[in-house]
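> work_8.cif is reproduced in full below (mmCIF, C-alpha atoms).
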```
data_entry
loop_
_atom_site.group_PDB
_atom_site.id
_atom_site.type_symbol
_atom_site.label_atom_id
_atom_site.label_comp_id
_atom_site.auth_asym_id
_atom_site.auth_seq_id
_atom_site.Cartn_x
_atom_site.Cartn_y
_atom_site.Cartn_z
ATOM 1 C CA MET A 1 17.347 -12.378 -1.921
ATOM 2 C CA PRO A 2 14.343 -11.665 -4.190
ATOM 3 C CA GLY A 3 11.900 -9.169 -2.780
ATOM 4 C CA VAL A 4 14.373 -7.550 -0.452
ATOM 5 C CA ILE A 5 15.259 -4.032 -1.507
ATOM 6 C CA VAL A 6 18.979 -3.749 -2.214
ATOM 7 C CA PRO A 7 20.902 -0.702 -0.884
ATOM 8 C CA GLU A 8 21.145 1.064 -4.250
ATOM 9 C CA ASP A 9 17.371 0.742 -4.753
ATOM 10 C CA TRP A 10 16.738 1.898 -1.180
ATOM 11 C CA ALA A 11 18.889 4.972 -1.838
ATOM 12 C CA TYR A 12 16.429 5.931 -4.590
ATOM 13 C CA ILE A 13 13.310 5.094 -2.532
ATOM 14 C CA ASP A 14 14.626 6.914 0.533
ATOM 15 C CA ALA A 15 14.758 10.153 -1.470
ATOM 16 C CA VAL A 16 11.024 9.871 -2.271
ATOM 17 C CA THR A 17 8.815 12.014 -0.046
ATOM 18 C CA GLY A 18 6.602 9.833 2.138
ATOM 19 C CA TRP A 19 6.101 8.207 5.519
ATOM 20 C CA MET A 20 6.904 4.564 4.786
ATOM 21 C CA THR A 21 10.024 3.542 6.721
ATOM 22 C CA GLU A 22 12.742 1.304 5.329
ATOM 23 C CA PRO A 23 11.693 -1.691 7.498
ATOM 24 C CA GLU A 24 8.097 -1.215 6.313
ATOM 25 C CA CYS A 25 9.158 -1.013 2.639
ATOM 26 C CA GLN A 26 11.364 -4.073 3.054
ATOM 27 C CA TRP A 27 8.486 -6.001 4.624
ATOM 28 C CA LEU A 28 6.070 -4.965 1.859
ATOM 29 C CA ALA A 29 8.602 -6.050 -0.782
ATOM 30 C CA LEU A 30 9.017 -9.415 0.936
ATOM 31 C CA MET A 31 5.242 -9.941 1.205
ATOM 32 C CA ALA A 32 4.847 -9.005 -2.462
ATOM 33 C CA THR A 33 7.119 -11.912 -3.439
ATOM 34 C CA THR A 34 4.353 -14.269 -2.300
ATOM 35 C CA VAL A 35 1.584 -12.946 -4.577
ATOM 36 C CA CYS A 36 0.832 -12.185 -8.217
ATOM 37 C CA SER A 37 -1.346 -9.107 -7.718
ATOM 38 C CA TRP A 38 -1.418 -6.142 -5.366
ATOM 39 C CA THR A 39 -3.633 -3.071 -5.142
ATOM 40 C CA GLU A 40 -2.518 0.051 -3.308
ATOM 41 C CA VAL A 41 -5.224 2.539 -2.350
ATOM 42 C CA GLY A 42 -3.626 5.893 -1.558
ATOM 43 C CA VAL A 43 -0.331 6.127 -3.417
ATOM 44 C CA ASN A 44 0.827 9.736 -3.109
ATOM 45 C CA ASN A 45 4.413 9.903 -4.469
ATOM 46 C CA GLY A 46 4.737 6.124 -4.569
ATOM 47 C CA ARG A 47 7.257 5.317 -1.840
ATOM 48 C CA SER A 48 5.493 2.080 -0.807
ATOM 49 C CA MET A 49 4.581 1.384 -4.449
ATOM 50 C CA LEU A 50 8.293 1.152 -5.210
ATOM 51 C CA GLY A 51 8.890 -1.409 -2.461
ATOM 52 C CA VAL A 52 5.930 -3.522 -3.519
ATOM 53 C CA GLY A 53 6.800 -3.187 -7.196
ATOM 54 C CA LEU A 54 10.358 -4.375 -6.645
ATOM 55 C CA GLY A 55 9.103 -7.438 -4.786
ATOM 56 C CA LEU A 56 6.043 -8.458 -6.790
ATOM 57 C CA ARG A 57 6.313 -11.745 -8.671
ATOM 58 C CA ARG A 58 7.429 -11.699 -12.298
ATOM 59 C CA GLY A 59 4.590 -10.580 -14.583
ATOM 60 C CA GLY A 60 2.559 -9.458 -11.580
ATOM 61 C CA LEU A 61 -0.304 -6.980 -11.553
ATOM 62 C CA LEU A 62 0.087 -3.757 -9.578
ATOM 63 C CA GLN A 63 -3.034 -1.582 -9.332
ATOM 64 C CA LEU A 64 -2.556 1.959 -8.040
ATOM 65 C CA VAL A 65 -5.482 4.053 -6.803
ATOM 66 C CA ASP A 66 -5.462 7.717 -5.846
ATOM 67 C CA LYS A 67 -7.716 10.703 -6.413
ATOM 68 C CA GLU A 68 -4.775 12.616 -7.795
ATOM 69 C CA PHE A 69 -1.230 11.585 -8.585
ATOM 70 C CA PRO A 70 1.240 14.381 -7.791
ATOM 71 C CA ALA A 71 4.002 15.301 -10.219
ATOM 72 C CA GLY A 72 6.576 13.406 -8.136
ATOM 73 C CA PHE A 73 4.684 10.158 -8.601
ATOM 74 C CA TRP A 74 5.275 10.010 -12.361
ATOM 75 C CA GLY A 75 9.064 10.049 -12.111
ATOM 76 C CA ASN A 76 8.905 7.260 -9.540
ATOM 77 C CA TRP A 77 6.499 5.294 -11.729
ATOM 78 C CA ARG A 78 8.967 5.624 -14.646
ATOM 79 C CA TRP A 79 11.828 4.472 -12.419
ATOM 80 C CA LEU A 80 9.843 1.392 -11.387
ATOM 81 C CA ARG A 81 8.909 0.662 -15.035
ATOM 82 C CA GLY A 82 12.618 0.762 -15.863
ATOM 83 C CA ARG A 83 13.467 -1.635 -13.035
ATOM 84 C CA ARG A 84 10.462 -3.942 -13.546
ATOM 85 C CA PRO A 85 9.266 -3.788 -17.177
ATOM 86 C CA ASP A 86 7.548 -7.167 -16.678
ATOM 87 C CA LEU A 87 4.911 -5.745 -14.324
ATOM 88 C CA ARG A 88 1.406 -4.916 -15.463
ATOM 89 C CA ILE A 89 0.636 -1.588 -13.817
ATOM 90 C CA VAL A 90 -2.875 -0.140 -13.791
ATOM 91 C CA ILE A 91 -3.287 3.455 -12.665
ATOM 92 C CA ALA A 92 -6.744 4.449 -11.447
ATOM 93 C CA GLU A 93 -6.963 8.183 -10.865
ATOM 94 C CA CYS A 94 -10.243 8.164 -8.976
ATOM 95 C CA GLY A 95 -11.670 7.637 -5.533
ATOM 96 C CA SER A 96 -11.447 4.366 -3.663
ATOM 97 C CA VAL A 97 -15.164 3.530 -4.016
ATOM 98 C CA GLU A 98 -15.125 3.970 -7.798
ATOM 99 C CA ALA A 99 -11.883 1.988 -8.119
ATOM 100 C CA SER A 100 -13.335 -0.874 -6.073
ATOM 101 C CA ARG A 101 -16.144 -1.132 -8.627
ATOM 102 C CA VAL A 102 -13.952 -1.250 -11.728
ATOM 103 C CA LEU A 103 -10.589 -2.806 -10.837
ATOM 104 C CA ALA A 104 -9.849 -6.507 -10.922
ATOM 105 C CA ASP A 105 -9.866 -8.632 -7.788
ATOM 106 C CA THR A 106 -6.405 -8.923 -6.294
ATOM 107 C CA HIS A 107 -4.411 -10.994 -3.834
ATOM 108 C CA VAL A 108 -3.590 -8.054 -1.548
ATOM 109 C CA VAL A 109 -5.193 -4.659 -1.001
ATOM 110 C CA PHE A 110 -3.070 -2.151 0.912
ATOM 111 C CA LEU A 111 -5.080 0.779 2.326
ATOM 112 C CA ASP A 112 -3.307 4.084 2.878
ATOM 113 C CA ALA A 113 -5.741 6.708 1.577
ATOM 114 C CA ASP A 114 -8.116 8.950 3.559
ATOM 115 C CA HIS A 115 -7.408 8.371 7.268
ATOM 116 C CA GLU A 116 -10.770 9.489 8.661
ATOM 117 C CA THR A 117 -12.719 6.736 10.426
ATOM 118 C CA ALA A 118 -15.705 6.748 8.046
ATOM 119 C CA SER A 119 -13.451 6.601 4.981
ATOM 120 C CA VAL A 120 -11.331 3.760 6.351
ATOM 121 C CA VAL A 121 -14.482 1.824 7.277
ATOM 122 C CA GLU A 122 -15.840 2.335 3.747
ATOM 123 C CA ASP A 123 -12.517 1.240 2.223
ATOM 124 C CA ILE A 124 -12.455 -1.910 4.338
ATOM 125 C CA ARG A 125 -16.057 -2.772 3.396
ATOM 126 C CA ARG A 126 -15.509 -2.097 -0.321
ATOM 127 C CA TRP A 127 -12.160 -3.852 -0.730
ATOM 128 C CA THR A 128 -12.559 -6.917 1.540
ATOM 129 C CA PRO A 129 -14.632 -8.856 -1.045
ATOM 130 C CA LYS A 130 -12.049 -8.059 -3.750
ATOM 131 C CA CYS A 131 -8.956 -9.558 -2.105
ATOM 132 C CA ALA A 132 -7.511 -12.515 -0.246
ATOM 133 C CA THR A 133 -5.599 -10.279 2.173
ATOM 134 C CA LEU A 134 -6.391 -6.801 3.419
ATOM 135 C CA CYS A 135 -3.774 -4.645 5.087
ATOM 136 C CA GLY A 136 -2.854 -1.014 5.505
ATOM 137 C CA HIS A 137 -0.656 1.670 6.975
ATOM 138 C CA ASP A 138 -0.741 4.081 9.908
ATOM 139 C CA TYR A 139 -2.111 1.844 12.650
ATOM 140 C CA GLN A 140 -0.461 4.192 15.118
ATOM 141 C CA PRO A 141 -2.063 5.932 18.086
ATOM 142 C CA LEU A 142 -1.677 9.528 19.094
ATOM 143 C CA PRO A 143 0.289 11.324 20.547
ATOM 144 C CA PHE A 144 2.965 10.203 18.102
ATOM 145 C CA PRO A 145 3.662 12.926 15.509
ATOM 146 C CA GLU A 146 2.133 10.900 12.685
ATOM 147 C CA GLY A 147 -0.534 9.266 14.887
ATOM 148 C CA HIS A 148 -3.769 8.196 13.251
ATOM 149 C CA GLN A 149 -6.211 7.126 15.951
ATOM 150 C CA GLU A 150 -9.033 7.161 13.397
ATOM 151 C CA VAL A 151 -7.320 4.409 11.388
ATOM 152 C CA ILE A 152 -7.041 2.295 14.548
ATOM 153 C CA ASP A 153 -10.696 2.907 15.422
ATOM 154 C CA ALA A 154 -11.894 1.919 11.937
ATOM 155 C CA VAL A 155 -9.716 -1.199 11.688
ATOM 156 C CA ASP A 156 -10.685 -2.340 15.182
ATOM 157 C CA GLN A 157 -14.377 -1.697 14.439
ATOM 158 C CA GLU A 158 -14.485 -3.521 11.102
ATOM 159 C CA ILE A 159 -11.886 -6.260 11.514
ATOM 160 C CA GLY A 160 -11.406 -6.518 15.253
ATOM 161 C CA LYS A 161 -8.256 -5.915 17.248
ATOM 162 C CA ASP A 162 -7.805 -9.672 17.780
ATOM 163 C CA ASN A 163 -7.945 -10.306 14.019
ATOM 164 C CA ILE A 164 -5.007 -8.154 12.965
ATOM 165 C CA ASP A 165 -1.259 -8.391 13.226
ATOM 166 C CA ILE A 166 1.214 -5.516 13.314
ATOM 167 C CA PRO A 167 4.170 -7.154 11.546
ATOM 168 C CA VAL A 168 6.365 -4.052 11.327
ATOM 169 C CA GLY A 169 6.102 -0.358 12.147
ATOM 170 C CA THR A 170 2.547 0.864 11.659
ATOM 171 C CA ILE A 171 1.440 -1.706 9.072
ATOM 172 C CA TRP A 172 -1.647 -3.727 9.979
ATOM 173 C CA TRP A 173 -2.395 -7.089 8.374
ATOM 174 C CA ALA A 174 -5.821 -8.767 8.686
ATOM 175 C CA ARG A 175 -5.714 -12.471 9.533
#
```
Would you mind writing the structure in this file as structure tokens?


Amino acid sequence: MPGVIVPEDWAYIDAVTGWMTEPECQWLALMATTVCSWTEVGVNNGRSMLGVGLGLRRGGLLQLVDKEFPAGFWGNWRWLRGRRPDLRIVIAECGSVEASRVLADTHVVFLDADHETASVVEDIRRWTPKCATLCGHDYQPLPFPEGHQEVIDAVDQEIGKDNIDIPVGTIWWAR
């Protein structure tokens, strides 16, 4: 089924350092099949980028934003280019605020950058006017090992707890 990550692709993605689980990657890939453009803010090594990139519609636009792309990212970017040469991929090595000023509007913005409350609030305010759907990662309370209470506080403050869904894992999706 298009947009669902096949086992051989998951074997590659699973070896990429990151915190995105297989169900979360599968869900992102499936959601990406419904849109033509996606922006990811906070890419790190690109684990979620790979899921989205495999699912994005043919000829789609994938915009990637991070202050710094680690060495591991570039090999994963090349792997994705080999699997999906039809994608238009824009890499913005800058902060979220600057990227929000210069990148094209997009169907989906996925926030997974700085997890401090003030930064998440700023990201939500900057990116909401630039997309049809805003979502993100790490809507997970402490005391879990990877808990990010500040993400929850910012999302609840800016979007409202009643206006988000948690479709899988720790992904939040604004209604």

> If I take CA of Pro23 in chain A and CA of Val168 in chain A, how far is one from the other in Å, to one decimal?

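About the pair CA of Pro23 in chain A and CA of Val168 in chain A: they are 7.0 Å apart.
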
> Once the PyMOL selection byres ((chain A and resi 7-12) around 10) is applied to the coordinates I shared, what remains selected? I want it as number ranges by chain.

A: 4-6, 13-16, 22, 25-26, 47, 50-51, 54, 76, 79, 83

> Using all atoms listed in the file, determine which residues lie at most 8 Å from range 32-43 of chain A, disregarding the query and same-chain residues fewer than 3 positions distant; provide the list as JSON, numbers by chain.

{"A": [2, 3, 28, 29, 46, 47, 48, 49, 52, 53, 55, 56, 57, 58, 59, 60, 61, 62, 63, 64, 65, 66, 67, 69, 96, 106, 107, 108, 109, 110, 111, 112, 113, 114]}

> Check the smallest atom-to-atom distance from each of A:Asn44, A:Asp86, A:Thr170, A:Asp162 to Cys135 in chain A using all atoms listed in the file, then report the winner.

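Looking only at the distances to Cys135 in chain A, the closest residue turns out to be A:Thr170.
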
> Name the residues within 9 Å of (-1.9, -3.1, 10.1), counting all atoms listed in the file in the file's coordinates, and put them as a JSON list (two decimals) with C-alpha atoms, in the coordinates of the input.


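part_35.json, freshly written:
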```
[["chain", "number", "residue", "atom", "x", "y", "z"],
["A", 134, "LEU", "CA", -6.39, -6.80, 3.42],
["A", 135, "CYS", "CA", -3.77, -4.64, 5.09],
["A", 136, "GLY", "CA", -2.85, -1.01, 5.50],
["A", 137, "HIS", "CA", -0.66, 1.67, 6.98],
["A", 138, "ASP", "CA", -0.74, 4.08, 9.91],
["A", 139, "TYR", "CA", -2.11, 1.84, 12.65],
["A", 140, "GLN", "CA", -0.46, 4.19, 15.12],
["A", 152, "ILE", "CA", -7.04, 2.30, 14.55],
["A", 155, "VAL", "CA", -9.72, -1.20, 11.69],
["A", 164, "ILE", "CA", -5.01, -8.15, 12.96],
["A", 165, "ASP", "CA", -1.26, -8.39, 13.23],
["A", 166, "ILE", "CA", 1.21, -5.52, 13.31],
["A", 167, "PRO", "CA", 4.17, -7.15, 11.55],
["A", 168, "VAL", "CA", 6.36, -4.05, 11.33],
["A", 169, "GLY", "CA", 6.10, -0.36, 12.15],
["A", 170, "THR", "CA", 2.55, 0.86, 11.66],
["A", 171, "ILE", "CA", 1.44, -1.71, 9.07],
["A", 172, "TRP", "CA", -1.65, -3.73, 9.98],
["A", 173, "TRP", "CA", -2.40, -7.09, 8.37],
["A", 174, "ALA", "CA", -5.82, -8.77, 8.69]]
```

> Run the PyMOL selection byres ((chain A and resi 97) around 9) against the file shown and list the residues it catches, as a PyMOL selection string.

chain A and resi 94-96+98-101+122-123+126-127

> With all atoms listed in the file as the counted atoms, please give the residues lying no more than 12 Å from Gln157 in chain A, apart from itself and same-chain residues fewer than 6 positions off, as a list in words.

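Returned residues: Thr117, Ala118, Val120, Val121, Glu122, Ile124, Arg125, Glu150, Val151, Asn163 and Ile164 of chain A.
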
> Please produce an output containing C-alpha atoms for each residue in the selection, written as an mmCIF file, keeping the file's coordinate frame.


```cif
data_model
loop_
_atom_site.group_PDB
_atom_site.id
_atom_site.type_symbol
_atom_site.label_atom_id
_atom_site.label_comp_id
_atom_site.auth_asym_id
_atom_site.auth_seq_id
_atom_site.Cartn_x
_atom_site.Cartn_y
_atom_site.Cartn_z
ATOM 1 C CA THR A 117 -12.719 6.736 10.426
ATOM 2 C CA ALA A 118 -15.705 6.748 8.046
ATOM 3 C CA VAL A 120 -11.331 3.760 6.351
ATOM 4 C CA VAL A 121 -14.482 1.824 7.277
ATOM 5 C CA GLU A 122 -15.840 2.335 3.747
ATOM 6 C CA ILE A 124 -12.455 -1.910 4.338
ATOM 7 C CA ARG A 125 -16.057 -2.772 3.396
ATOM 8 C CA GLU A 150 -9.033 7.161 13.397
ATOM 9 C CA VAL A 151 -7.320 4.409 11.388
ATOM 10 C CA ASN A 163 -7.945 -10.306 14.019
ATOM 11 C CA ILE A 164 -5.007 -8.154 12.965
#
```

> Could you state the separation of CA of Thr133 in chain A and CA of Trp77 in chain A in Å, given to one decimal place?

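Taking CA of Thr133 in chain A as the start and CA of Trp77 in chain A as the end point, the length is 24.1 Å.
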
> Translate the PyMOL selection byres ((chain A and resi 105) around 7), as applied to the file shown, into an explicit residue set as a VMD selection string.

chain A and resid 103 to 104 106 130 to 131

> What does the structure give for the distance between CA of Glu93 in chain A and CA of Glu116 in chain A, in Å to one decimal?

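Calculated distance between CA of Glu93 in chain A and CA of Glu116 in chain A is 19.9 Å.
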
> Residues at most 9 Å from Ala71 in chain A, counting all atoms listed in the file, excluding those fewer than 3 positions away in the same chain, as an mmCIF file with C-alpha atoms, in the frame of the given file?


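Wrote it out as out22.cif, contents follow:
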```
data_model
loop_
_atom_site.group_PDB
_atom_site.id
_atom_site.type_symbol
_atom_site.label_atom_id
_atom_site.label_comp_id
_atom_site.auth_asym_id
_atom_site.auth_seq_id
_atom_site.Cartn_x
_atom_site.Cartn_y
_atom_site.Cartn_z
ATOM 1 C CA ASN A 45 4.413 9.903 -4.469
ATOM 2 C CA TRP A 74 5.275 10.010 -12.361
ATOM 3 C CA GLY A 75 9.064 10.049 -12.111
#
```

> Would you please work out which residue, of A:Arg84, A:Val102, A:Asp153, A:Gly18, is nearest to Ser119 in chain A when using all atoms listed in the file?

A:Asp153
